[in-house]
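Asks: Structure file protein-v5.cif, mmCIF, C-alpha atoms, is pasted below:
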data_structure
loop_
_atom_site.label_atom_id
_atom_site.label_comp_id
_atom_site.auth_asym_id
_atom_site.auth_seq_id
_atom_site.Cartn_x
_atom_site.Cartn_y
_atom_site.Cartn_z
CA MET K 922 74.76 -34.61 107.86
CA TYR K 923 77.04 -35.99 105.18
CA PRO K 924 78.18 -33.83 102.24
CA GLN K 925 77.11 -34.40 98.67
CA PRO K 926 78.65 -37.49 97.03
CA ILE K 927 81.93 -36.77 95.29
CA PRO K 928 81.99 -37.09 91.48
CA TRP K 929 83.32 -40.25 89.84
CA LEU K 930 85.68 -39.29 87.02
CA ALA K 931 85.78 -41.11 83.71
CA PRO K 932 89.24 -41.58 82.15
CA GLY K 933 90.41 -38.25 80.77
CA GLN K 934 87.59 -36.28 82.39
CA ASP K 935 88.50 -32.86 83.81
CA PHE K 936 88.61 -32.36 87.56
CA PRO K 937 85.73 -30.49 89.18
CA PRO K 938 86.43 -27.01 90.65
CA THR K 939 88.44 -27.29 93.85
CA ASP K 940 85.83 -25.32 95.81
CA GLN K 941 83.62 -28.40 95.49
CA ALA K 942 85.97 -30.42 97.74
CA TRP K 943 84.52 -31.56 101.04
CA ASP K 944 85.04 -28.99 103.80
CA GLU K 945 86.52 -29.28 107.30
CA ASN K 946 83.21 -30.48 108.76
CA SER K 947 83.04 -33.53 106.50
CA PRO K 948 84.34 -37.05 107.21
CA ALA K 949 87.20 -36.46 104.74
CA PRO K 950 88.12 -32.76 104.48
CA GLY K 951 89.58 -31.89 101.10
CA LEU K 952 88.26 -34.91 99.21
CA LEU K 953 87.35 -33.74 95.70
CA ALA K 954 86.81 -36.68 93.35
CA ALA K 955 87.45 -40.37 92.71
CA GLY K 956 88.39 -42.45 89.71
CA GLY K 957 89.88 -41.11 86.52
CA THR K 958 93.30 -42.06 85.20
CA LEU K 959 96.48 -42.16 87.27
CA ASP K 960 99.26 -41.32 84.83
CA ALA K 961 101.81 -38.58 84.20
CA ASP K 962 99.50 -36.37 82.15
CA THR K 963 96.72 -36.51 84.74
CA LEU K 964 99.17 -35.87 87.59
CA GLN K 965 100.51 -32.80 85.82
CA GLN K 966 96.98 -31.50 85.31
CA ALA K 967 96.09 -32.22 88.94
CA TYR K 968 99.10 -30.51 90.49
CA SER K 969 98.65 -27.45 88.27
CA LYS K 970 95.21 -27.06 89.85
CA GLY K 971 96.24 -27.70 93.45
CA ILE K 972 95.03 -31.32 93.48
CA PHE K 973 96.89 -34.49 94.45
CA PRO K 974 96.11 -38.25 94.69
CA TRP K 975 96.06 -40.10 97.99
CA PHE K 976 94.42 -43.46 98.68
CA SER K 977 94.99 -46.79 100.36
CA GLU K 978 94.95 -50.41 99.25
CA GLY K 979 91.44 -51.45 98.18
CA GLN K 980 90.29 -47.88 97.50
CA PRO K 981 89.76 -46.22 94.13
CA THR K 982 92.05 -43.38 93.14
CA LEU K 983 91.05 -40.46 95.39
CA TRP K 984 91.85 -36.84 94.54
CA TRP K 985 92.26 -34.15 97.20
CA SER K 986 92.48 -30.37 97.49
CA PRO K 987 92.38 -29.41 101.19
CA ASN K 988 91.60 -25.96 102.52
CA PRO K 989 93.69 -24.62 104.17
CA ARG K 990 96.88 -25.91 102.55
CA MET K 991 100.09 -26.56 104.47
CA VAL K 992 103.14 -24.99 102.84
CA LEU K 993 106.73 -24.32 103.80
CA ILE K 994 107.79 -20.82 102.80
CA VAL K 995 111.49 -21.51 102.28
CA SER K 996 112.55 -18.22 103.87
CA ASP K 997 110.71 -19.36 107.03
CA PHE K 998 112.53 -22.69 107.32
CA ARG K 999 113.67 -23.19 110.90
CA LEU K 1000 117.21 -24.47 110.95
CA HIS K 1001 117.33 -25.72 114.51
CA PRO K 1002 120.80 -25.77 116.13
CA SER K 1003 120.88 -29.56 116.24
CA LEU K 1004 120.14 -29.83 112.51
CA ARG K 1005 122.71 -27.12 111.70
CA LYS K 1006 125.30 -29.15 113.61
CA THR K 1007 124.26 -32.33 111.81
CA ILE K 1008 124.54 -30.68 108.38
CA ASN K 1009 127.95 -29.19 109.19
CA LYS K 1010 129.20 -32.62 110.23
CA PHE K 1011 127.69 -34.19 107.09
CA ARG K 1012 129.38 -31.63 104.83
CA LYS K 1013 132.77 -32.23 106.43
CA THR K 1014 132.57 -36.02 106.30
CA ALA K 1015 134.36 -37.65 103.37
CA GLY K 1016 132.03 -39.67 101.17
CA SER K 1017 128.93 -37.67 102.16
CA GLU K 1018 127.02 -35.89 99.42
CA ILE K 1019 123.63 -34.72 98.21
CA ARG K 1020 122.50 -35.99 94.85
CA ILE K 1021 119.40 -35.18 92.82
CA ASP K 1022 117.67 -37.71 90.56
CA SER K 1023 120.41 -40.32 90.68
CA ALA K 1024 118.12 -42.96 92.21
CA PHE K 1025 114.51 -41.81 91.90
CA GLU K 1026 113.04 -45.31 91.77
CA GLN K 1027 115.01 -46.37 94.85
CA VAL K 1028 113.81 -43.31 96.73
CA ILE K 1029 110.11 -43.80 96.00
CA GLN K 1030 110.36 -47.51 96.78
CA ALA K 1031 112.06 -46.70 100.09
CA CYS K 1032 109.34 -44.15 100.91
CA ALA K 1033 106.71 -46.80 100.16
CA THR K 1034 108.24 -49.25 102.63
CA SER K 1035 109.07 -46.70 105.33
CA HIS K 1036 106.16 -46.74 107.78
CA ARG K 1037 105.80 -43.87 110.24
CA ASP K 1038 103.89 -43.21 113.44
CA GLY K 1039 102.72 -46.78 113.86
CA GLN K 1040 101.41 -47.15 110.31
CA THR K 1041 101.24 -50.72 109.07
CA SER K 1042 100.52 -49.94 105.42
CA THR K 1043 101.44 -47.39 102.78
CA TRP K 1044 99.56 -45.11 100.43
CA ILE K 1045 102.45 -45.32 97.93
CA LEU K 1046 100.98 -48.29 96.11
CA PRO K 1047 102.43 -49.95 92.97
CA LYS K 1048 100.25 -47.93 90.59
CA MET K 1049 101.28 -44.72 92.40
CA ILE K 1050 104.93 -45.70 92.01
CA GLU K 1051 104.40 -46.42 88.31
CA ALA K 1052 102.69 -43.06 87.74
CA TYR K 1053 105.34 -41.03 89.56
CA ASN K 1054 108.14 -42.90 87.81
CA GLU K 1055 106.46 -41.88 84.56
CA LEU K 1056 106.27 -38.29 85.82
CA HIS K 1057 109.97 -38.45 86.72
CA LYS K 1058 110.85 -39.60 83.20
CA ALA K 1059 108.91 -36.58 81.94
CA GLY K 1060 111.17 -34.34 84.06
CA LEU K 1061 108.42 -33.31 86.49
CA ALA K 1062 109.23 -35.45 89.55
CA HIS K 1063 112.56 -35.40 91.36
CA SER K 1064 114.40 -37.06 94.19
CA VAL K 1065 116.76 -35.35 96.63
CA GLU K 1066 119.09 -37.96 98.09
CA THR K 1067 121.45 -38.24 101.04
CA TRP K 1068 124.44 -40.46 100.23
CA VAL K 1069 127.20 -41.66 102.58
CA ASN K 1070 130.09 -43.72 101.24
CA GLY K 1071 128.14 -44.75 98.17
CA ARG K 1072 125.06 -45.77 100.16
CA LEU K 1073 121.65 -44.13 99.89
CA THR K 1074 120.78 -43.34 103.51
CA GLY K 1075 117.73 -41.12 103.11
CA GLY K 1076 115.88 -38.80 100.82
CA LEU K 1077 112.63 -37.44 99.51
CA TYR K 1078 110.74 -37.07 96.28
CA CYS K 1079 108.71 -34.17 94.99
CA VAL K 1080 106.84 -32.85 91.98
CA SER K 1081 107.98 -29.69 90.18
CA LEU K 1082 106.06 -27.54 87.70
CA GLY K 1083 108.12 -24.51 86.66
CA LYS K 1084 109.09 -22.96 90.00
CA CYS K 1085 106.40 -24.78 91.98
CA VAL K 1086 107.59 -27.60 94.23
CA PHE K 1087 105.20 -30.10 95.80
CA GLY K 1088 106.68 -32.30 98.53
CA GLU K 1089 105.52 -35.91 98.59
CA SER K 1090 107.31 -38.26 100.98
CA MET K 1091 110.61 -38.84 102.80
CA PHE K 1092 112.51 -41.80 104.23
CA SER K 1093 115.55 -42.41 106.42
CA HIS K 1094 117.78 -45.44 106.76
CA SER K 1095 119.98 -43.53 109.21
CA THR K 1096 119.32 -40.80 111.77
CA ASN K 1097 118.53 -37.38 110.26
CA ALA K 1098 119.17 -38.49 106.66
CA SER K 1099 115.74 -37.31 105.49
CA LYS K 1100 116.10 -34.02 107.38
CA ILE K 1101 119.40 -33.39 105.60
CA ALA K 1102 117.68 -34.04 102.26
CA LEU K 1103 114.87 -31.64 103.16
CA ALA K 1104 117.37 -28.97 104.20
CA ALA K 1105 119.16 -29.48 100.87
CA LEU K 1106 115.87 -29.01 99.03
CA VAL K 1107 115.28 -25.76 100.93
CA ALA K 1108 118.79 -24.57 100.01
CA PHE K 1109 118.16 -25.52 96.37
CA CYS K 1110 114.86 -23.64 96.37
CA ARG K 1111 116.41 -20.55 97.91
CA HIS K 1112 119.16 -20.53 95.31
CA HIS K 1113 116.65 -20.76 92.46
CA ASP K 1114 114.14 -18.31 93.92
CA ILE K 1115 111.51 -20.97 94.55
CA ARG K 1116 109.51 -19.49 97.36
CA GLN K 1117 107.47 -22.32 98.79
CA ILE K 1118 107.22 -26.10 99.07
CA ASP K 1119 103.76 -27.64 99.22
CA CYS K 1120 103.36 -29.93 102.23
CA GLN K 1121 99.70 -30.85 101.57
CA GLN K 1122 98.61 -31.67 105.12
CA ASN K 1123 99.31 -30.10 108.52
CA THR K 1124 101.60 -32.13 110.79
CA ARG K 1125 103.38 -31.19 114.00
CA HIS K 1126 106.75 -32.08 112.48
CA LEU K 1127 106.27 -29.78 109.49
CA ALA K 1128 105.04 -26.97 111.72
CA SER K 1129 108.17 -27.32 113.86
CA LEU K 1130 110.25 -26.64 110.74
CA GLY K 1131 108.34 -23.46 109.90
CA ALA K 1132 105.52 -24.72 107.67
CA ARG K 1133 102.14 -23.04 108.02
CA GLU K 1134 98.66 -23.09 106.57
CA ILE K 1135 97.47 -20.76 103.81
CA SER K 1136 94.10 -20.60 102.06
CA ARG K 1137 93.54 -22.92 99.13
CA ASP K 1138 92.62 -19.99 96.87
CA TYR K 1139 95.91 -18.23 97.61
CA PHE K 1140 97.85 -21.48 97.19
CA ILE K 1141 96.31 -22.13 93.77
CA GLU K 1142 96.95 -18.51 92.78
CA GLN K 1143 100.64 -18.99 93.58
CA VAL K 1144 100.75 -22.30 91.69
CA THR K 1145 99.21 -20.64 88.63
CA ILE K 1146 101.90 -17.95 88.67
CA CYS K 1147 104.95 -20.02 89.58
CA SER K 1148 104.21 -22.91 87.21
CA THR K 1149 104.66 -20.58 84.23
CA HIS K 1150 108.24 -19.72 85.24
CA GLU K 1151 111.20 -21.49 83.70
CA ALA K 1152 112.10 -24.62 85.63
CA PRO K 1153 115.50 -24.72 87.36
CA ASN K 1154 118.25 -27.16 86.53
CA TRP K 1155 117.63 -29.97 89.01
CA LYS K 1156 121.20 -30.44 90.13
CA PHE K 1157 122.66 -29.86 93.60
CA ASP K 1158 125.95 -28.00 94.01
CA SER K 1159 127.71 -27.71 97.36
CA PRO K 1160 127.68 -23.86 97.32
CA TYR K 1161 123.87 -24.05 97.60
CA TRP K 1162 124.35 -24.83 101.29
CA HIS K 1163 125.40 -21.20 101.74
CA GLU K 1164 121.80 -20.17 100.97
CA LEU K 1165 120.72 -21.99 104.12
CA MET K 1166 123.66 -22.03 106.50
CA HIS K 1167 124.74 -18.41 106.17
CA SER K 1168 121.66 -16.49 105.01
CA LYS K 1169 120.67 -13.51 107.12
CA ASP K 1170 117.08 -14.66 107.49
CA ALA K 1171 117.92 -18.23 108.56
CA GLN K 1172 116.00 -19.07 111.72
CA THR K 1173 117.66 -21.06 114.46
#
The structure in this file should be written as structure tokens.
Replies:
Amino acid sequence: MYPQPIPWLAPGQDFPPTDQAWDENSPAPGLLAAGGTLDADTLQQAYSKGIFPWFSEGQPTLWWSPNPRMVLIVSDFRLHPSLRKTINKFRKTAGSEIRIDSAFEQVIQACATSHRDGQTSTWILPKMIEAYNELHKAGLAHSVETWVNGRLTGGLYCVSLGKCVFGESMFSHSTNASKIALAALVAFCRHHDIRQIDCQQNTRHLASLGAREISRDYFIEQVTICSTHEAPNWKFDSPYWHELMHSKDAQT
């Protein structure tokens, strides 16, 4: 038996309650609504309620709020020995650095063209890129970038509301470049007392790094609290690595 049809949103219409999203027994668990407007204001409203857009070419804008929700508690991040070694080498190599927000448009474009696991298309479509670029200009979307000798070799982009961070996508043009960027984001979050990074969906790779599922209700409760906190200064300083590489609770 199929679930009830999802609502079609008119431009500017509020999202339905997240408990109306399709459940795990449906064809599309977490699907909440379709349509509406895809712009910075709507994205900010969506993320504040635990909702995000995700759709493919030829589909309308689809809005999701899965239950459970995959999150990375930054204190649980597993710094595997191989990644620790890679980061140490990166930090000691002349011309290697982490930057934040120096090339947001390049990062999201690279994520859009970086296909993974046999994918032949991307969900980061032109109108998604336009909306997140608008959100970036509003100071609510950020890129964490791995640079080597003046070349962008990998990175990720995310959404930030107060002290809530919502991971979106990563790319690598060289081995481990995206993992270094993710580790830098974890170090940044630890330094600024940001406790979790939203990962949206459960994947084996994320689980291997320490991410786990929590209930949607608890996730939204945390978003409601953390989004009211003062946002950090989105700038990466080298001493932030200490939060990851030398912390007592770092897992190896």
Asks: Would you write out, as a PyMOL selection string, every residue that the PyMOL selection byres ((chain K and resi 1121) around 9) captures in this file?
Replies: chain K and resi 973+986-987+990-992+1087-1089+1119-1120+1122-1123
Asks: Any chance you could resolve the PyMOL selection byres ((chain K and resi 1007) around 12) against this file and give the residues as a short mmCIF file (atom, residue, chain, number, x, y, z; two decimals) with C-alpha atoms, in the coordinates of the input?
Replies:
data_model
loop_
_atom_site.label_atom_id
_atom_site.label_comp_id
_atom_site.auth_asym_id
_atom_site.auth_seq_id
_atom_site.Cartn_x
_atom_site.Cartn_y
_atom_site.Cartn_z
CA LEU K 1000 117.21 -24.47 110.95
CA HIS K 1001 117.33 -25.72 114.51
CA PRO K 1002 120.80 -25.77 116.13
CA SER K 1003 120.88 -29.56 116.24
CA LEU K 1004 120.14 -29.83 112.51
CA ARG K 1005 122.71 -27.12 111.70
CA LYS K 1006 125.30 -29.15 113.61
CA ILE K 1008 124.54 -30.68 108.38
CA ASN K 1009 127.95 -29.19 109.19
CA LYS K 1010 129.20 -32.62 110.23
CA PHE K 1011 127.69 -34.19 107.09
CA ARG K 1012 129.38 -31.63 104.83
CA LYS K 1013 132.77 -32.23 106.43
CA THR K 1014 132.57 -36.02 106.30
CA SER K 1017 128.93 -37.67 102.16
CA THR K 1096 119.32 -40.80 111.77
CA ASN K 1097 118.53 -37.38 110.26
CA ALA K 1098 119.17 -38.49 106.66
CA SER K 1099 115.74 -37.31 105.49
CA LYS K 1100 116.10 -34.02 107.38
CA ILE K 1101 119.40 -33.39 105.60
CA ALA K 1102 117.68 -34.04 102.26
CA ALA K 1104 117.37 -28.97 104.20
CA MET K 1166 123.66 -22.03 106.50
#
Asks: Ranking K:Ser977, K:Thr958, K:Gln1143, K:Ser969 by minimum distance to Ile1045 of chain K and counting only C-alpha atoms, which one comes first?
Replies: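 Of all the options, K:Ser977 lies closest to Ile1045 of chain K.
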Asks: Hey, which of K:Ser1159, K:Thr1124, K:Gln980, K:Gln1117 ends up closest to Val1144 of chain K? Count all atoms listed in the file.
Replies: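 Nearest to Val1144 of chain K: K:Gln1117.
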Asks: Any chance you could work out the residue set of the PyMOL selection byres ((chain K and resi 1109-1112) around 12) here, as number ranges by chain?
Replies: K: 993-998, 1019-1021, 1065, 1081, 1083-1087, 1102-1108, 1113-1118, 1152-1168, 1170-1171
Asks: Looking at only C-alpha atoms, which of K:Ser1136, K:Thr1067, K:Ser1148, K:Thr1043 is the one that sits closest to Glu978 of chain K?
Replies: K:Thr1043
